[in-house]
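Q: Got a structure for you, questions after.
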Amino acid sequence: MRVTILAVGRLRAGPERELLLDFLQRFDRTGRPLGLGPASVVEVEGKPGVGRAAEGALLLSRVPPGAWLCALDERGEAMTSPDFAGFLDRWKAERRDAAFVLGGADGLDASVTERADLLLSFGRMVWPHMLARAMLAEQLYRAATILAGTPYHRA
């Protein structure tokens, strides 16, 4: 199952970008034998004053046809890493693609959250978008290691 991370705004060079790319590479290596990956990042331009509706339309236009859609939202479901791994495992059995969407500074438009198959939260705190991308990539890698039975995840 191919994985696309769709995010509003550009992630500049720096430690967050390096961390994101490192975990995506790890996910690709671990996930491929399991039918997970490759993973890619698609960034859409967030412009001040454009609004959530315009950003939402841009994000939805980049979701692969027929993909599972997971929207990261503070009002979403908080789950354990093994539960998240279970979602990925079930999803890959049913569809070719999964897309994970991160909104801009004002969050996600209702058009995105209503289309989403899953609203996922990293907790009730709000995280910087650049860090949330790296956190998502780490959880994708962790899910792959859980499914592969490697010792990276310790419960």
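Chains: A, B, ... in order of the structure tokens. Residues: from 1 per chain. Ligands: from 1, in order shown.
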Give me the residues within 7 Å of range 7-15 of chain A as number ranges by chain, counting only C-alpha atoms and dropping any in the same chain fewer than 4 places off.
A: A: 19, 42-46, 101-104, 130
Q: I'd like the neighbourhood of Gly149 in chain A as number ranges by chain, where a residue qualifies if any of its atoms comes within 12 Å (using only C-alpha atoms), though same-chain residues fewer than 4 positions away should be ignored.
A: A: 30-31, 34, 82, 85, 142-145, 153-154
Q: Between A:Arg52, A:Arg90, A:Arg2, A:Arg17, which is the closest to Ala110 in chain A once you count only C-alpha atoms?
A: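 Distance minimum relative to Ala110 in chain A lands on A:Arg52.
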Q: One decimal, Å: what's the distance from CA of Phe84 in chain A over to CA of Ser121 in chain A, could you say?
A: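 Atom-to-atom, CA of Phe84 in chain A to CA of Ser121 in chain A, that is 11.1 Å.
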Q: Excluding Gly123 in chain A and any residue of its chain fewer than 3 positions from it, enumerate the residues within 9 Å of it, using only C-alpha atoms, and give them as an MDAnalysis selection string.
A: chainID A and resid 74:78 120 126
Q: Export, as an mmCIF file, in the first residue's frame, the selected residues with all heavy atoms.
A:
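Saved the output as part-v7.cif:
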data_model
loop_
_atom_site.group_PDB
_atom_site.id
_atom_site.type_symbol
_atom_site.label_atom_id
_atom_site.label_comp_id
_atom_site.auth_asym_id
_atom_site.auth_seq_id
_atom_site.Cartn_x
_atom_site.Cartn_y
_atom_site.Cartn_z
ATOM 1 N N GLU A 74 -6.784 17.384 16.148
ATOM 2 C CA GLU A 74 -6.744 17.292 17.608
ATOM 3 C C GLU A 74 -8.032 16.721 18.190
ATOM 4 O O GLU A 74 -8.053 16.221 19.310
ATOM 5 C CB GLU A 74 -6.440 18.647 18.228
ATOM 6 C CG GLU A 74 -7.523 19.680 17.996
ATOM 7 C CD GLU A 74 -7.145 21.064 18.479
ATOM 8 O OE1 GLU A 74 -5.946 21.342 18.615
ATOM 9 O OE2 GLU A 74 -8.054 21.867 18.702
ATOM 10 N N ARG A 75 -9.117 16.751 17.437
ATOM 11 C CA ARG A 75 -10.380 16.185 17.898
ATOM 12 C C ARG A 75 -10.551 14.735 17.469
ATOM 13 O O ARG A 75 -11.591 14.118 17.709
ATOM 14 C CB ARG A 75 -11.558 17.026 17.381
ATOM 15 C CG ARG A 75 -11.591 18.425 17.983
ATOM 16 C CD ARG A 75 -12.567 19.338 17.260
ATOM 17 N NE ARG A 75 -12.214 19.575 15.862
ATOM 18 C CZ ARG A 75 -11.363 20.514 15.438
ATOM 19 N NH1 ARG A 75 -10.776 21.300 16.295
ATOM 20 N NH2 ARG A 75 -11.102 20.660 14.156
ATOM 21 N N GLY A 76 -9.531 14.181 16.852
ATOM 22 C CA GLY A 76 -9.602 12.807 16.372
ATOM 23 C C GLY A 76 -9.381 11.784 17.467
ATOM 24 O O GLY A 76 -9.263 12.109 18.653
ATOM 25 N N GLU A 77 -9.301 10.544 17.041
ATOM 26 C CA GLU A 77 -9.124 9.421 17.954
ATOM 27 C C GLU A 77 -7.651 9.284 18.337
ATOM 28 O O GLU A 77 -6.774 9.248 17.479
ATOM 29 C CB GLU A 77 -9.603 8.139 17.252
ATOM 30 C CG GLU A 77 -9.476 6.902 18.085
ATOM 31 C CD GLU A 77 -9.948 5.652 17.346
ATOM 32 O OE1 GLU A 77 -10.586 5.766 16.273
ATOM 33 O OE2 GLU A 77 -9.673 4.562 17.859
ATOM 34 N N ALA A 78 -7.397 9.199 19.623
ATOM 35 C CA ALA A 78 -6.050 8.891 20.107
ATOM 36 C C ALA A 78 -5.970 7.373 20.222
ATOM 37 O O ALA A 78 -6.874 6.744 20.757
ATOM 38 C CB ALA A 78 -5.804 9.563 21.454
ATOM 39 N N LEU A 120 -7.387 11.117 13.291
ATOM 40 C CA LEU A 120 -6.357 10.653 14.213
ATOM 41 C C LEU A 120 -5.773 11.834 14.964
ATOM 42 O O LEU A 120 -5.481 12.873 14.375
ATOM 43 C CB LEU A 120 -5.242 9.946 13.423
ATOM 44 C CG LEU A 120 -4.070 9.401 14.212
ATOM 45 C CD1 LEU A 120 -4.507 8.288 15.159
ATOM 46 C CD2 LEU A 120 -3.006 8.883 13.241
ATOM 47 N N VAL A 126 -1.718 20.769 20.638
ATOM 48 C CA VAL A 126 -1.487 21.114 19.239
ATOM 49 C C VAL A 126 0.030 21.086 19.008
ATOM 50 O O VAL A 126 0.796 21.637 19.796
ATOM 51 C CB VAL A 126 -2.052 22.520 18.922
ATOM 52 C CG1 VAL A 126 -1.731 22.914 17.493
ATOM 53 C CG2 VAL A 126 -3.553 22.533 19.152
#
Q: Which one is closest to Gly66 in chain A: A:Arg26, A:Arg124, A:Arg115, A:Arg133? Count only C-alpha atoms.
A: A:Arg115
Q: Using DSSP assignments from the backbone, pull out every residue in range 11-154 of chain A that falls under alpha helix (DSSP H) and give it to me as a ChimeraX atom specification.
A: /A:15-31,52-61,81-94,110-115,129-148
Q: Quick check for you: according to DSSP on this backbone, which residues of range 7-151 of chain A are classed as strand (DSSP E or B)? Reply as a PyMOL selection string.
A: chain A and resi 7-8+39-44+68-77+97-102+104+107+118-120
